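Dumped upload_22.csv below, it's CSV, C-alpha atoms and all ligand atoms:
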```
chain,number,residue,atom,x,y,z
A,279,MET,CA,8.8,-21.3,-2.0
A,280,ASN,CA,11.0,-19.7,-4.6
A,281,SER,CA,9.9,-16.9,-6.9
A,282,ILE,CA,9.2,-17.7,-10.5
A,283,ASN,CA,11.7,-17.1,-13.2
A,284,THR,CA,10.7,-13.8,-14.9
A,285,ASN,CA,11.9,-15.1,-18.2
A,286,ASP,CA,9.8,-18.3,-18.1
A,287,SER,CA,7.2,-18.7,-20.7
A,288,LYS,CA,4.4,-18.9,-18.1
A,289,SER,CA,5.1,-15.3,-16.9
A,290,GLY,CA,6.2,-13.8,-20.2
A,291,ASN,CA,3.0,-12.4,-21.5
A,292,ARG,CA,1.2,-11.4,-18.4
A,293,PRO,CA,0.6,-7.8,-17.7
A,294,ILE,CA,2.9,-6.4,-15.0
A,295,ILE,CA,2.1,-5.1,-11.5
A,296,LEU,CA,4.4,-3.3,-9.2
A,297,SER,CA,3.5,-2.1,-5.8
A,298,GLY,CA,5.4,-1.1,-2.6
A,299,ILE,CA,5.0,-0.7,1.1
A,300,GLN,CA,7.1,0.8,3.8
A,301,PRO,CA,8.7,-1.5,6.3
A,302,THR,CA,8.3,0.9,9.3
A,303,GLY,CA,5.7,0.8,12.0
A,304,GLY,CA,4.0,-2.5,11.3
A,305,LEU,CA,1.2,-3.2,8.9
A,306,HIS,CA,-2.3,-2.1,9.7
A,307,ILE,CA,-5.7,-2.9,8.4
A,308,GLY,CA,-5.6,0.1,6.0
A,309,ASN,CA,-2.6,-1.4,4.3
A,310,LEU,CA,-4.3,-4.8,4.2
A,311,PHE,CA,-7.6,-3.8,2.8
A,312,GLY,CA,-6.4,-0.8,0.7
A,313,ALA,CA,-3.6,-2.6,-1.0
A,314,ILE,CA,-2.4,-6.1,0.0
A,315,LYS,CA,-5.8,-7.8,-0.5
A,316,ASN,CA,-5.6,-6.7,-4.1
A,317,TRP,CA,-2.0,-7.8,-4.5
A,318,VAL,CA,-3.0,-11.3,-3.4
A,319,ALA,CA,-6.0,-11.4,-5.7
A,320,MET,CA,-4.0,-10.4,-8.7
A,321,GLN,CA,-1.1,-12.8,-8.5
A,322,ASP,CA,-2.5,-15.3,-10.9
A,323,GLU,CA,-3.4,-13.0,-13.7
A,324,TYR,CA,-0.4,-10.6,-13.5
A,325,GLN,CA,3.4,-10.9,-13.2
A,326,CYS,CA,3.8,-9.1,-9.8
A,327,TYR,CA,6.7,-7.3,-8.2
A,328,PHE,CA,6.2,-6.4,-4.6
A,329,THR,CA,8.8,-4.3,-2.9
A,330,ILE,CA,9.6,-3.4,0.7
A,331,VAL,CA,10.6,0.2,0.3
A,332,ASP,CA,13.3,0.8,2.9
A,333,LEU,CA,14.8,3.6,0.8
A,334,HIS,CA,11.6,5.5,1.2
A,335,SER,CA,11.5,4.9,5.0
A,336,ILE,CA,14.7,6.9,5.8
A,337,THR,CA,13.0,10.1,4.7
A,338,VAL,CA,11.8,10.0,8.3
A,339,ARG,CA,14.4,9.2,11.0
A,340,GLN,CA,14.6,5.5,11.8
A,341,ILE,CA,16.4,3.4,14.4
A,342,PRO,CA,18.7,1.3,12.2
A,343,ALA,CA,18.3,-2.0,14.1
A,344,GLU,CA,14.6,-1.6,14.0
A,345,LEU,CA,14.5,-0.8,10.4
A,346,ARG,CA,16.6,-3.9,9.6
A,347,LYS,CA,14.3,-6.1,11.6
A,348,SER,CA,11.1,-4.6,10.3
A,349,SER,CA,12.0,-5.5,6.7
A,350,LEU,CA,12.0,-9.2,7.6
A,351,ASP,CA,8.8,-8.7,9.7
A,352,LEU,CA,7.1,-7.2,6.7
A,353,ALA,CA,8.3,-9.9,4.3
A,354,ALA,CA,6.9,-12.5,6.7
A,355,MET,CA,3.6,-10.6,7.1
A,356,LEU,CA,3.1,-10.2,3.4
A,357,ILE,CA,3.6,-13.9,2.9
A,358,ALA,CA,1.2,-14.6,5.8
A,359,CYS,CA,-1.4,-12.3,4.1
A,360,GLY,CA,-1.2,-14.5,1.0
A,361,ILE,CA,1.7,-13.3,-1.2
A,362,ASP,CA,2.9,-16.4,-2.9
A,363,THR,CA,6.6,-16.2,-3.7
A,364,ASP,CA,6.3,-19.0,-6.2
A,365,LYS,CA,4.1,-16.7,-8.2
A,366,SER,CA,5.3,-13.2,-7.3
A,367,VAL,CA,8.6,-11.5,-6.9
A,368,LEU,CA,9.1,-10.1,-3.4
A,369,PHE,CA,12.2,-8.0,-2.7
A,370,VAL,CA,13.7,-5.3,-0.6
A,371,GLN,CA,14.1,-2.0,-2.5
A,372,SER,CA,17.7,-1.3,-1.3
A,373,HIS,CA,18.8,-4.7,-2.7
A,374,VAL,CA,18.2,-3.4,-6.2
A,375,PRO,CA,20.4,-0.3,-6.7
A,376,GLU,CA,18.7,0.6,-9.9
A,377,HIS,CA,15.9,2.2,-7.9
A,378,ALA,CA,18.2,4.9,-6.6
A,379,GLN,CA,20.0,5.2,-9.9
A,380,LEU,CA,16.8,5.8,-11.9
A,381,ALA,CA,15.5,8.2,-9.2
A,382,TRP,CA,18.5,10.4,-9.8
A,383,VAL,CA,17.9,10.6,-13.5
A,384,LEU,CA,14.2,11.2,-13.0
A,385,ASN,CA,14.9,13.9,-10.5
A,386,CYS,CA,16.3,15.9,-13.4
A,387,TYR,CA,13.0,15.5,-15.3
A,388,THR,CA,10.7,16.6,-12.4
A,389,GLY,CA,9.7,20.1,-11.5
A,390,MET,CA,10.1,21.6,-8.0
A,391,GLY,CA,6.6,23.0,-8.5
A,392,GLU,CA,5.2,19.6,-9.2
A,393,LEU,CA,6.7,18.1,-6.1
A,394,SER,CA,5.6,21.0,-3.9
A,395,ARG,CA,2.0,20.2,-4.8
A,396,MET,CA,2.1,16.7,-3.3
A,397,THR,CA,-0.2,16.5,-0.4
A,398,GLN,CA,1.7,13.8,1.3
A,399,PHE,CA,4.8,16.0,1.3
A,400,LYS,CA,2.8,18.8,2.8
A,401,ASP,CA,1.4,16.5,5.5
A,402,LYS,CA,4.7,14.8,6.3
A,403,SER,CA,6.7,18.0,6.4
A,404,ALA,CA,4.1,19.4,8.9
A,405,GLU,CA,4.3,16.2,10.9
A,406,HIS,CA,8.2,16.1,10.8
A,407,TYR,CA,8.8,19.8,10.8
A,408,GLU,CA,12.2,19.3,12.6
A,409,ASN,CA,13.5,17.3,9.7
A,410,VAL,CA,12.1,18.4,6.3
A,411,ASN,CA,14.9,16.8,4.2
A,412,ALA,CA,15.4,16.8,0.4
A,413,GLY,CA,14.5,13.0,0.4
A,414,LEU,CA,11.1,13.8,1.7
A,415,PHE,CA,10.6,16.3,-1.1
A,416,THR,CA,11.8,14.0,-3.9
A,417,TYR,CA,10.1,10.9,-2.4
A,418,PRO,CA,7.5,10.7,-5.3
A,419,VAL,CA,10.4,10.5,-7.8
A,420,LEU,CA,11.8,7.5,-6.1
A,421,MET,CA,8.3,6.0,-6.2
A,422,ALA,CA,8.0,6.8,-9.9
A,423,SER,CA,11.3,5.0,-10.4
A,424,ASP,CA,10.1,1.9,-8.5
A,425,ILE,CA,7.1,1.6,-10.9
A,426,LEU,CA,8.8,2.6,-14.2
A,427,LEU,CA,11.8,0.3,-13.8
A,428,TYR,CA,9.4,-2.7,-14.1
A,429,GLN,CA,7.3,-1.3,-17.0
A,430,ALA,CA,4.3,-1.8,-14.8
A,431,ASP,CA,0.8,-1.8,-16.3
A,432,LEU,CA,-1.0,-1.5,-13.0
A,433,VAL,CA,-0.2,-0.2,-9.6
A,434,PRO,CA,-2.6,-1.4,-6.8
A,435,VAL,CA,-2.6,1.1,-4.0
A,436,GLY,CA,-4.9,2.8,-1.5
A,437,GLU,CA,-6.4,6.2,-2.4
A,438,ASP,CA,-3.7,8.2,-0.6
A,439,GLN,CA,-1.2,7.2,-3.3
A,440,LYS,CA,-3.3,8.4,-6.3
A,441,GLN,CA,-1.5,11.7,-6.6
A,442,HIS,CA,1.9,10.1,-6.7
A,443,LEU,CA,0.6,7.8,-9.4
A,444,GLU,CA,-0.5,10.8,-11.5
A,445,LEU,CA,2.9,12.3,-11.1
A,446,THR,CA,4.6,9.1,-12.1
A,447,ARG,CA,2.5,9.1,-15.3
A,448,ASP,CA,3.5,12.7,-16.0
A,449,ILE,CA,7.2,12.0,-15.5
A,450,ALA,CA,7.0,8.9,-17.8
A,451,GLN,CA,5.1,10.8,-20.5
A,452,ARG,CA,7.6,13.7,-20.4
A,453,PHE,CA,10.6,11.4,-20.7
A,454,ASN,CA,9.0,9.4,-23.5
A,455,HIS,CA,8.2,12.6,-25.3
A,456,ASN,CA,11.7,14.0,-24.9
A,457,TYR,CA,13.4,10.9,-26.2
A,458,SER,CA,11.3,8.0,-27.5
A,459,ASP,CA,9.1,5.4,-25.9
A,460,THR,CA,11.0,4.2,-22.9
A,461,PHE,CA,8.5,3.7,-20.1
A,462,LYS,CA,5.1,2.1,-20.1
A,463,ILE,CA,2.5,4.5,-18.7
A,464,PRO,CA,1.0,2.8,-15.6
A,465,GLU,CA,-2.5,2.9,-14.3
A,466,PRO,CA,-3.5,3.1,-10.7
A,467,TYR,CA,-5.7,0.3,-9.3
A,468,ILE,CA,-7.7,1.4,-6.3
A,469,PRO,CA,-10.3,-0.8,-4.6
A,470,LYS,CA,-13.9,0.2,-4.4
A,471,THR,CA,-14.2,-0.7,-0.8
A,472,GLY,CA,-11.3,-0.3,1.6
A,473,ALA,CA,-9.4,2.3,-0.4
A,474,ARG,CA,-9.4,4.6,2.6
A,475,ILE,CA,-9.8,3.0,6.0
A,476,MET,CA,-10.2,5.7,8.5
A,477,SER,CA,-8.8,6.2,12.0
A,478,LEU,CA,-10.9,4.6,14.8
A,479,GLN,CA,-10.5,7.7,16.9
A,480,GLU,CA,-10.9,10.4,14.2
A,481,PRO,CA,-12.9,8.9,11.4
A,482,THR,CA,-12.4,11.9,9.1
A,483,LYS,CA,-8.6,11.1,9.0
A,484,LYS,CA,-7.1,8.1,7.3
A,485,MET,CA,-5.8,5.2,9.5
A,486,SER,CA,-2.0,5.5,9.7
A,487,LYS,CA,1.0,3.7,11.3
A,488,SER,CA,2.3,6.8,12.9
A,489,ASP,CA,-0.9,7.9,14.6
A,490,GLY,CA,0.0,9.2,18.1
A,491,ASN,CA,-3.1,7.5,19.5
A,492,SER,CA,-2.6,3.7,19.6
A,493,LYS,CA,-6.3,3.1,19.8
A,494,ALA,CA,-6.8,4.7,16.3
A,495,THR,CA,-5.0,1.9,14.4
A,496,ILE,CA,-5.5,-1.8,14.2
A,497,PHE,CA,-2.2,-3.6,13.5
A,498,LEU,CA,-2.1,-7.0,12.0
A,499,THR,CA,-0.1,-8.2,15.0
A,500,ASP,CA,-2.7,-7.0,17.5
A,501,SER,CA,-4.3,-9.8,19.6
A,502,ASP,CA,-8.0,-10.6,19.4
A,503,GLU,CA,-8.5,-8.7,22.6
A,504,GLU,CA,-6.7,-5.6,21.3
A,505,ILE,CA,-8.6,-5.7,18.1
A,506,LYS,CA,-12.0,-6.0,19.8
A,507,ASN,CA,-11.2,-3.3,22.4
A,508,LYS,CA,-10.1,-0.9,19.7
A,509,ILE,CA,-13.3,-1.4,17.7
A,510,LYS,CA,-15.5,-1.2,20.8
A,511,ARG,CA,-13.9,2.1,21.7
A,512,ALA,CA,-14.1,3.5,18.2
A,513,VAL,CA,-15.5,7.0,18.0
A,514,THR,CA,-18.9,7.0,16.4
A,515,ASP,CA,-21.0,10.0,15.4
A,516,SER,CA,-23.2,11.8,17.9
A,517,GLY,CA,-26.2,11.2,15.7
A,518,GLU,CA,-28.9,8.6,16.5
A,519,LEU,CA,-29.2,5.1,15.2
A,520,LEU,CA,-29.8,4.8,11.5
A,521,THR,CA,-33.3,5.5,10.5
A,522,GLU,CA,-35.0,3.7,7.7
A,523,GLU,CA,-34.5,6.8,5.5
A,524,ASP,CA,-30.7,6.6,6.2
A,525,TYR,CA,-30.7,3.1,5.0
A,526,VAL,CA,-32.5,3.9,1.8
A,527,GLU,CA,-30.0,6.6,1.1
A,528,PHE,CA,-27.2,4.3,2.1
A,529,LEU,CA,-28.2,1.6,-0.3
A,530,ALA,CA,-28.9,4.0,-3.1
A,531,ASP,CA,-25.6,5.7,-2.7
A,532,GLU,CA,-23.4,4.7,-5.7
A,533,LYS,CA,-20.2,5.9,-4.2
A,534,LEU,CA,-20.5,4.1,-0.9
A,535,PRO,CA,-19.2,4.6,1.6
A,536,TYR,CA,-17.8,7.9,0.6
A,537,ASN,CA,-20.9,10.1,0.4
A,538,PHE,CA,-22.4,8.6,3.4
A,539,SER,CA,-19.2,8.9,5.3
A,540,GLN,CA,-19.3,12.7,5.1
A,541,LYS,CA,-22.5,12.6,7.2
A,542,ARG,CA,-21.7,9.7,9.5
A,543,PRO,CA,-18.0,9.0,9.2
A,544,GLY,CA,-17.7,6.8,12.3
A,545,LEU,CA,-20.5,4.6,11.3
A,546,ALA,CA,-19.5,4.4,7.7
A,547,ASN,CA,-16.0,3.3,8.7
A,548,LEU,CA,-17.4,0.6,10.9
A,549,ILE,CA,-19.6,-0.6,8.0
A,550,THR,CA,-16.6,-0.6,5.7
A,551,LEU,CA,-14.6,-2.6,8.3
A,552,TYR,CA,-17.4,-5.1,8.5
A,553,GLN,CA,-17.7,-5.3,4.7
A,554,VAL,CA,-14.0,-5.9,4.1
A,555,SER,CA,-13.6,-8.4,6.9
A,556,THR,CA,-16.7,-10.5,5.9
A,557,ASN,CA,-17.2,-9.9,2.2
A,558,ILE,CA,-20.9,-9.7,3.0
A,559,GLY,CA,-22.8,-7.4,0.5
A,560,LEU,CA,-24.2,-4.1,1.7
A,561,GLU,CA,-27.7,-5.3,1.8
A,562,GLY,CA,-26.8,-8.1,4.0
A,563,ILE,CA,-24.9,-5.8,6.3
A,564,VAL,CA,-27.7,-3.4,6.7
A,565,GLU,CA,-30.1,-6.3,7.4
A,566,LYS,CA,-27.7,-7.4,10.2
A,567,ILE,CA,-27.2,-4.0,11.8
A,568,SER,CA,-30.7,-2.5,11.2
A,569,GLY,CA,-32.3,-1.3,14.4
A,570,ILE,CA,-29.5,-2.2,16.8
A,571,GLY,CA,-27.5,0.2,18.9
A,572,PHE,CA,-23.9,1.4,18.2
A,573,GLY,CA,-22.6,-0.8,21.1
A,574,ASP,CA,-24.0,-3.9,19.4
A,575,ILE,CA,-22.9,-2.9,15.9
A,576,LYS,CA,-19.3,-2.5,17.3
A,577,SER,CA,-19.4,-5.9,18.9
A,578,ILE,CA,-20.4,-7.5,15.6
A,579,VAL,CA,-17.7,-5.7,13.7
A,580,ALA,CA,-15.1,-6.4,16.4
A,581,GLU,CA,-15.9,-10.2,16.3
A,582,ALA,CA,-15.7,-10.2,12.5
A,583,MET,CA,-12.4,-8.3,12.3
A,584,ALA,CA,-10.8,-10.4,15.1
A,585,GLU,CA,-11.9,-13.6,13.3
A,586,HIS,CA,-10.5,-12.3,10.0
A,587,LEU,CA,-7.1,-11.3,11.3
A,588,ASN,CA,-6.5,-14.3,13.7
A,589,PRO,CA,-5.3,-16.8,11.0
A,590,ILE,CA,-3.1,-14.2,9.4
A,591,ARG,CA,-1.4,-13.6,12.7
A,592,THR,CA,-1.0,-17.3,13.4
A,593,ARG,CA,0.7,-17.8,10.0
A,594,TYR,CA,2.9,-14.8,10.5
A,595,ASN,CA,4.2,-16.1,13.8
A,596,GLU,CA,5.1,-19.4,12.1
A,597,ILE,CA,6.7,-17.8,9.0
A,598,ARG,CA,8.7,-15.2,11.0
A,599,LYS,CA,10.5,-17.9,13.0
A,600,ASP,CA,12.4,-19.1,9.9
A,601,GLU,CA,14.7,-16.2,9.1
A,602,ASN,CA,17.0,-18.2,6.8
A,603,LYS,CA,14.0,-19.1,4.6
A,604,LEU,CA,12.9,-15.4,4.5
A,605,LYS,CA,16.4,-14.3,3.6
A,606,GLU,CA,16.5,-16.9,0.8
A,607,ILE,CA,13.2,-15.7,-0.6
A,608,LEU,CA,14.3,-12.0,-0.5
A,609,SER,CA,17.6,-12.9,-2.1
A,610,ALA,CA,16.0,-14.8,-4.9
A,611,GLY,CA,13.4,-11.9,-5.3
A,612,ALA,CA,16.2,-9.3,-5.5
A,613,GLU,CA,18.0,-11.2,-8.2
A,614,LYS,CA,14.8,-11.5,-10.3
A,615,ALA,CA,13.9,-7.9,-9.8
A,616,GLN,CA,17.3,-6.7,-10.7
A,617,ALA,CA,17.3,-8.6,-14.0
A,618,VAL,CA,14.3,-6.5,-15.1
A,619,ALA,CA,15.4,-3.2,-13.5
A,620,PHE,CA,18.8,-3.4,-15.1
A,621,LYS,CA,17.3,-3.6,-18.6
A,622,THR,CA,15.2,-0.5,-18.1
A,623,LEU,CA,18.0,1.5,-16.5
A,624,ARG,CA,20.4,0.6,-19.3
A,625,LYS,CA,17.9,1.9,-21.8
A,626,VAL,CA,17.5,5.1,-19.9
A,627,TYR,CA,21.2,5.7,-19.6
A,628,LYS,CA,21.6,5.2,-23.3
A,629,LYS,CA,18.8,7.6,-24.1
A,630,VAL,CA,20.0,10.4,-21.9
A,631,GLY,CA,23.5,10.1,-23.5
A,632,PHE,CA,25.7,8.4,-20.8
A,633,TYR,CA,28.8,7.0,-22.4
A,634,SER,CA,29.0,3.3,-21.9
A,635,LEU,CA,32.1,1.2,-21.9
B,701,LIG,P1,2.5,2.9,2.6
B,701,LIG,O1,3.6,2.1,3.1
B,701,LIG,O2,2.1,4.1,3.4
B,701,LIG,O3,1.2,2.1,2.4
B,701,LIG,C1,1.2,0.9,1.7
B,701,LIG,C2,-0.2,0.7,1.0
B,701,LIG,O4,-1.3,0.8,1.9
B,701,LIG,C3,-2.2,1.8,1.5
B,701,LIG,N1,-2.8,2.4,2.7
B,701,LIG,C4,-4.1,2.5,2.9
B,701,LIG,N2,-5.2,2.1,2.2
B,701,LIG,C5,-6.4,2.3,2.7
B,701,LIG,N3,-6.6,3.0,3.9
B,701,LIG,C6,-5.6,3.4,4.6
B,701,LIG,N4,-5.8,4.1,5.8
B,701,LIG,C7,-4.3,3.2,4.1
B,701,LIG,N5,-3.0,3.6,4.6
B,701,LIG,C8,-2.1,3.1,3.7
B,701,LIG,C9,-1.4,2.8,0.7
B,701,LIG,O5,-2.2,3.5,-0.3
B,701,LIG,C10,-0.4,1.8,0.0
B,701,LIG,O6,-0.9,1.3,-1.2
B,701,LIG,N6,4.6,5.5,-1.1
B,701,LIG,C11,4.0,4.3,-0.7
B,701,LIG,C12,4.9,3.1,-0.9
B,701,LIG,C13,5.5,3.0,-2.3
B,701,LIG,C14,4.8,2.5,-3.4
B,701,LIG,C15,5.8,2.5,-4.5
B,701,LIG,C16,3.5,2.1,-3.7
B,701,LIG,C17,6.8,3.2,-2.6
B,701,LIG,N7,7.0,2.9,-3.9
B,701,LIG,C18,5.5,2.1,-5.8
B,701,LIG,C19,3.2,1.7,-5.0
B,701,LIG,C20,4.2,1.7,-6.0
B,701,LIG,C21,3.6,4.3,0.7
B,701,LIG,O7,4.2,5.0,1.5
B,701,LIG,O8,2.7,3.4,1.1
```

Before we go any further, please render this structure as structure tokens.
Amino acid sequence: MNSINTNDSKSGNRPIILSGIQPTGGLHIGNLFGAIKNWVAMQDEYQCYFTIVDLHSITVRQIPAELRKSSLDLAAMLIACGIDTDKSVLFVQSHVPEHAQLAWVLNCYTGMGELSRMTQFKDKSAEHYENVNAGLFTYPVLMASDILLYQADLVPVGEDQKQHLELTRDIAQRFNHNYSDTFKIPEPYIPKTGARIMSLQEPTKKMSKSDGNSKATIFLTDSDEEIKNKIKRAVTDSGELLTEEDYVEFLADEKLPYNFSQKRPGLANLITLYQVSTNIGLEGIVEKISGIGFGDIKSIVAEAMAEHLNPIRTRYNEIRKDENKLKEILSAGAEKAQAVAFKTLRKVYKKVGFYSL
């Protein structure tokens, strides 16, 4: 189960993917369908680097022992979801010091104004008003460093990270313009369905790990019963059942489920959950739920989601038991990642004029 050699000829010419995920709070179905599903699907065509971003996590206070444990939990869960460490490089961010080193340099090429426009900063500083630290403010610069160190072509993320990606591109272009071509300019890769899984309790708000209401979020470690109960108690709209007219509009809507979701956010979220957990096309879904009540729709979705997550959880419990194996995988991953990161950082240090011995 070791990662591939990044210098080997099989991986040499493939375009590069980098993506990251925070180790805190446990993975939820938003992470799975917004990002990880794509990571798994892209492993054959791309040289992938997936990082567990523990440096990012300390922008919010953490309990050290829990953070330490959750990095291993996350590694096990990513493998259970289908990350194949024979194909992709999986590593913990703090094991590759170049991330923090490049972040310092890029901080000096990023404007305060640019950072203060980041909606995630605004949201998080409101949520953690007692601890609005400088790390929370410069978080997107660290994220830009994660991406640019690996000269990534594509960054598969959910919709909430789009603004950070745009900033990454701006920083890279500015640096390249000031010096000479140093960084590849990355493109975001956002899925058509599942880019924004909504809270089960407030379907106009994205599903998140830190939601105060535990019924709002389905974690990948939830039992079948918990999954079904959460979906059965999901908040749906006060409107009536879908009329035939609704269905026509629904099927004709190109940007599904976004436009529809403004009118019927709870129902649109359920339909999205059904779609991502079964891969049934929209027409098939509408056929299945046409004319039935919300209670029955929820039961169908609940069954499908529980069935989808059950094998992932079983694999996770198995993989998580073998800590030595996980440590080996992460250690090999860090070594491979650092070999690449080091080269980019060396180039950057040279360009900005650091004297090298
Ligand atoms: P994080 O850890 O919050 O989320 C990991 C991935 O899951 C996606 N996601 C969602 N997708 C759909 N619906 C949702 N409700 C939902 N919630 C989360 C996120 O978009 C993300 O793709 N800053 C990043 C981590 C990061 C990173 C990077 C990502 C650090 N460095 C470099 C890409 C490249 C974050 O906090 O993701």

Contact table chain A vs ligand LIG 701 (chain B), cut-off 8 Å, shortest pair per residue, only C-alpha atoms and all ligand atoms, as a Markdown table:
```
| residue | atom | partner | partner_atom | distance |
| --- | --- | --- | --- | --- |
| A:Leu296 | CA | B:LIG701 | C20 | 5.9 |
| A:Ser297 | CA | B:LIG701 | C20 | 3.9 |
| A:Gly298 | CA | B:LIG701 | C14 | 3.7 |
| A:Ile299 | CA | B:LIG701 | O1 | 3.7 |
| A:Gln300 | CA | B:LIG701 | O1 | 3.8 |
| A:Pro301 | CA | B:LIG701 | O1 | 7.0 |
| A:Thr302 | CA | B:LIG701 | O1 | 7.9 |
| A:His306 | CA | B:LIG701 | N5 | 7.7 |
| A:Ile307 | CA | B:LIG701 | C6 | 7.4 |
| A:Gly308 | CA | B:LIG701 | C6 | 3.6 |
| A:Asn309 | CA | B:LIG701 | O4 | 3.5 |
| A:Leu310 | CA | B:LIG701 | O4 | 6.8 |
| A:Phe311 | CA | B:LIG701 | C5 | 6.2 |
| A:Gly312 | CA | B:LIG701 | N2 | 3.5 |
| A:Ala313 | CA | B:LIG701 | O6 | 4.7 |
| A:Ile314 | CA | B:LIG701 | C2 | 7.2 |
| A:Thr329 | CA | B:LIG701 | N7 | 7.5 |
| A:Ile330 | CA | B:LIG701 | C17 | 7.9 |
| A:Val331 | CA | B:LIG701 | C17 | 5.6 |
| A:His334 | CA | B:LIG701 | C17 | 6.5 |
| A:Tyr417 | CA | B:LIG701 | N6 | 7.8 |
| A:Pro418 | CA | B:LIG701 | N6 | 7.3 |
| A:Leu420 | CA | B:LIG701 | N7 | 7.0 |
| A:Met421 | CA | B:LIG701 | N7 | 4.1 |
| A:Ala422 | CA | B:LIG701 | C18 | 6.7 |
| A:Ser423 | CA | B:LIG701 | C18 | 8.0 |
| A:Asp424 | CA | B:LIG701 | C18 | 5.3 |
| A:Ile425 | CA | B:LIG701 | C18 | 5.4 |
| A:Val433 | CA | B:LIG701 | C20 | 6.0 |
| A:Pro434 | CA | B:LIG701 | O6 | 6.4 |
| A:Val435 | CA | B:LIG701 | O6 | 3.3 |
| A:Gly436 | CA | B:LIG701 | O5 | 3.0 |
| A:Glu437 | CA | B:LIG701 | O5 | 5.4 |
| A:Asp438 | CA | B:LIG701 | O5 | 4.9 |
| A:Gln439 | CA | B:LIG701 | O5 | 4.9 |
| A:Lys440 | CA | B:LIG701 | O5 | 7.8 |
| A:His442 | CA | B:LIG701 | N6 | 7.7 |
| A:Leu443 | CA | B:LIG701 | C20 | 7.9 |
| A:Gly472 | CA | B:LIG701 | C5 | 5.7 |
| A:Ala473 | CA | B:LIG701 | C5 | 4.3 |
| A:Arg474 | CA | B:LIG701 | N3 | 3.5 |
| A:Ile475 | CA | B:LIG701 | N3 | 3.8 |
| A:Met476 | CA | B:LIG701 | N4 | 5.4 |
| A:Ser477 | CA | B:LIG701 | N4 | 7.2 |
| A:Lys484 | CA | B:LIG701 | N4 | 4.5 |
| A:Met485 | CA | B:LIG701 | N4 | 3.9 |
| A:Ser486 | CA | B:LIG701 | N5 | 5.5 |
| A:Lys487 | CA | B:LIG701 | N5 | 7.8 |
```

May I have a table of the residues of range 420-507 of chain A lying at most 12 Å from range 346-366 of chain A, giving each one's closest pair of atoms and their distance in Å to one decimal, counting all atoms listed in the file, ordered by chain and ascending residue number, as CSV?
```
residue,atom,partner,partner_atom,distance
A:Phe497,CA,A:Met355,CA,11.1
A:Leu498,CA,A:Met355,CA,8.3
A:Thr499,CA,A:Met355,CA,9.0
```

Next on the checklist: Please list as number ranges by chain every residue within 9 Å of range 448-461 of chain A, counting only C-alpha atoms and excluding residues in the same chain fewer than 3 positions away.
Outcome noted: A: 384, 387-388, 419, 422, 426-430, 443-445, 464, 622, 625-626, 629-630

Residues near Ala580 in chain A, cut-off 7 Å, only C-alpha atoms, skip fewer than 2 positions along chain, as an mmCIF file with C-alpha atoms, keeping the file's coordinate frame:
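New file around.cif:
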```
data_model
loop_
_atom_site.group_PDB
_atom_site.id
_atom_site.type_symbol
_atom_site.label_atom_id
_atom_site.label_comp_id
_atom_site.auth_asym_id
_atom_site.auth_seq_id
_atom_site.Cartn_x
_atom_site.Cartn_y
_atom_site.Cartn_z
ATOM 1 C CA ILE A 505 -8.600 -5.700 18.100
ATOM 2 C CA LYS A 506 -12.000 -6.000 19.800
ATOM 3 C CA ILE A 509 -13.300 -1.400 17.700
ATOM 4 C CA LYS A 510 -15.500 -1.200 20.800
ATOM 5 C CA LYS A 576 -19.300 -2.500 17.300
ATOM 6 C CA SER A 577 -19.400 -5.900 18.900
ATOM 7 C CA ILE A 578 -20.400 -7.500 15.600
ATOM 8 C CA ALA A 582 -15.700 -10.200 12.500
ATOM 9 C CA MET A 583 -12.400 -8.300 12.300
ATOM 10 C CA ALA A 584 -10.800 -10.400 15.100
#
```

Checklist entry - What is the distance, in Å and to one decimal place, between CA of Ile590 in chain A and CA of Glu606 in chain A? => result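 We find that CA of Ile590 in chain A and CA of Glu606 in chain A lie 21.6 Å from each other.
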
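The closest residue to His373 in chain A, picked from A:Asn385, A:Asn507, A:Leu333, A:Ile570 and counting only C-alpha atoms, is A:Leu333.
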
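Here CA of Gln325 in chain A is placed at a distance of 6.1 Å from CA of Pro293 in chain A.
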
Checklist entry - What does the distance between CA of Tyr327 in chain A and CA of Glu613 in chain A come to in Å, to one decimal place? => result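 The value is 12.0 Å.
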
Item to check | All residues 8 Å or closer to Leu548 in chain A, all atoms listed in the file, same chain fewer than 4 positions away omitted, as an MDAnalysis selection string | outcome: chainID A and resid 544 552 576 579

Put those residues in a file: C-alpha atoms, as a compact mmCIF listing (two decimals), in the coordinates of the input.
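Dumped everything to part.txt:
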```txt
# COMPACT_ATOMS: atom_id res chain seq x y z
CA GLY A 544 -17.70 6.80 12.30
CA TYR A 552 -17.40 -5.10 8.50
CA LYS A 576 -19.30 -2.50 17.30
CA VAL A 579 -17.70 -5.70 13.70
```
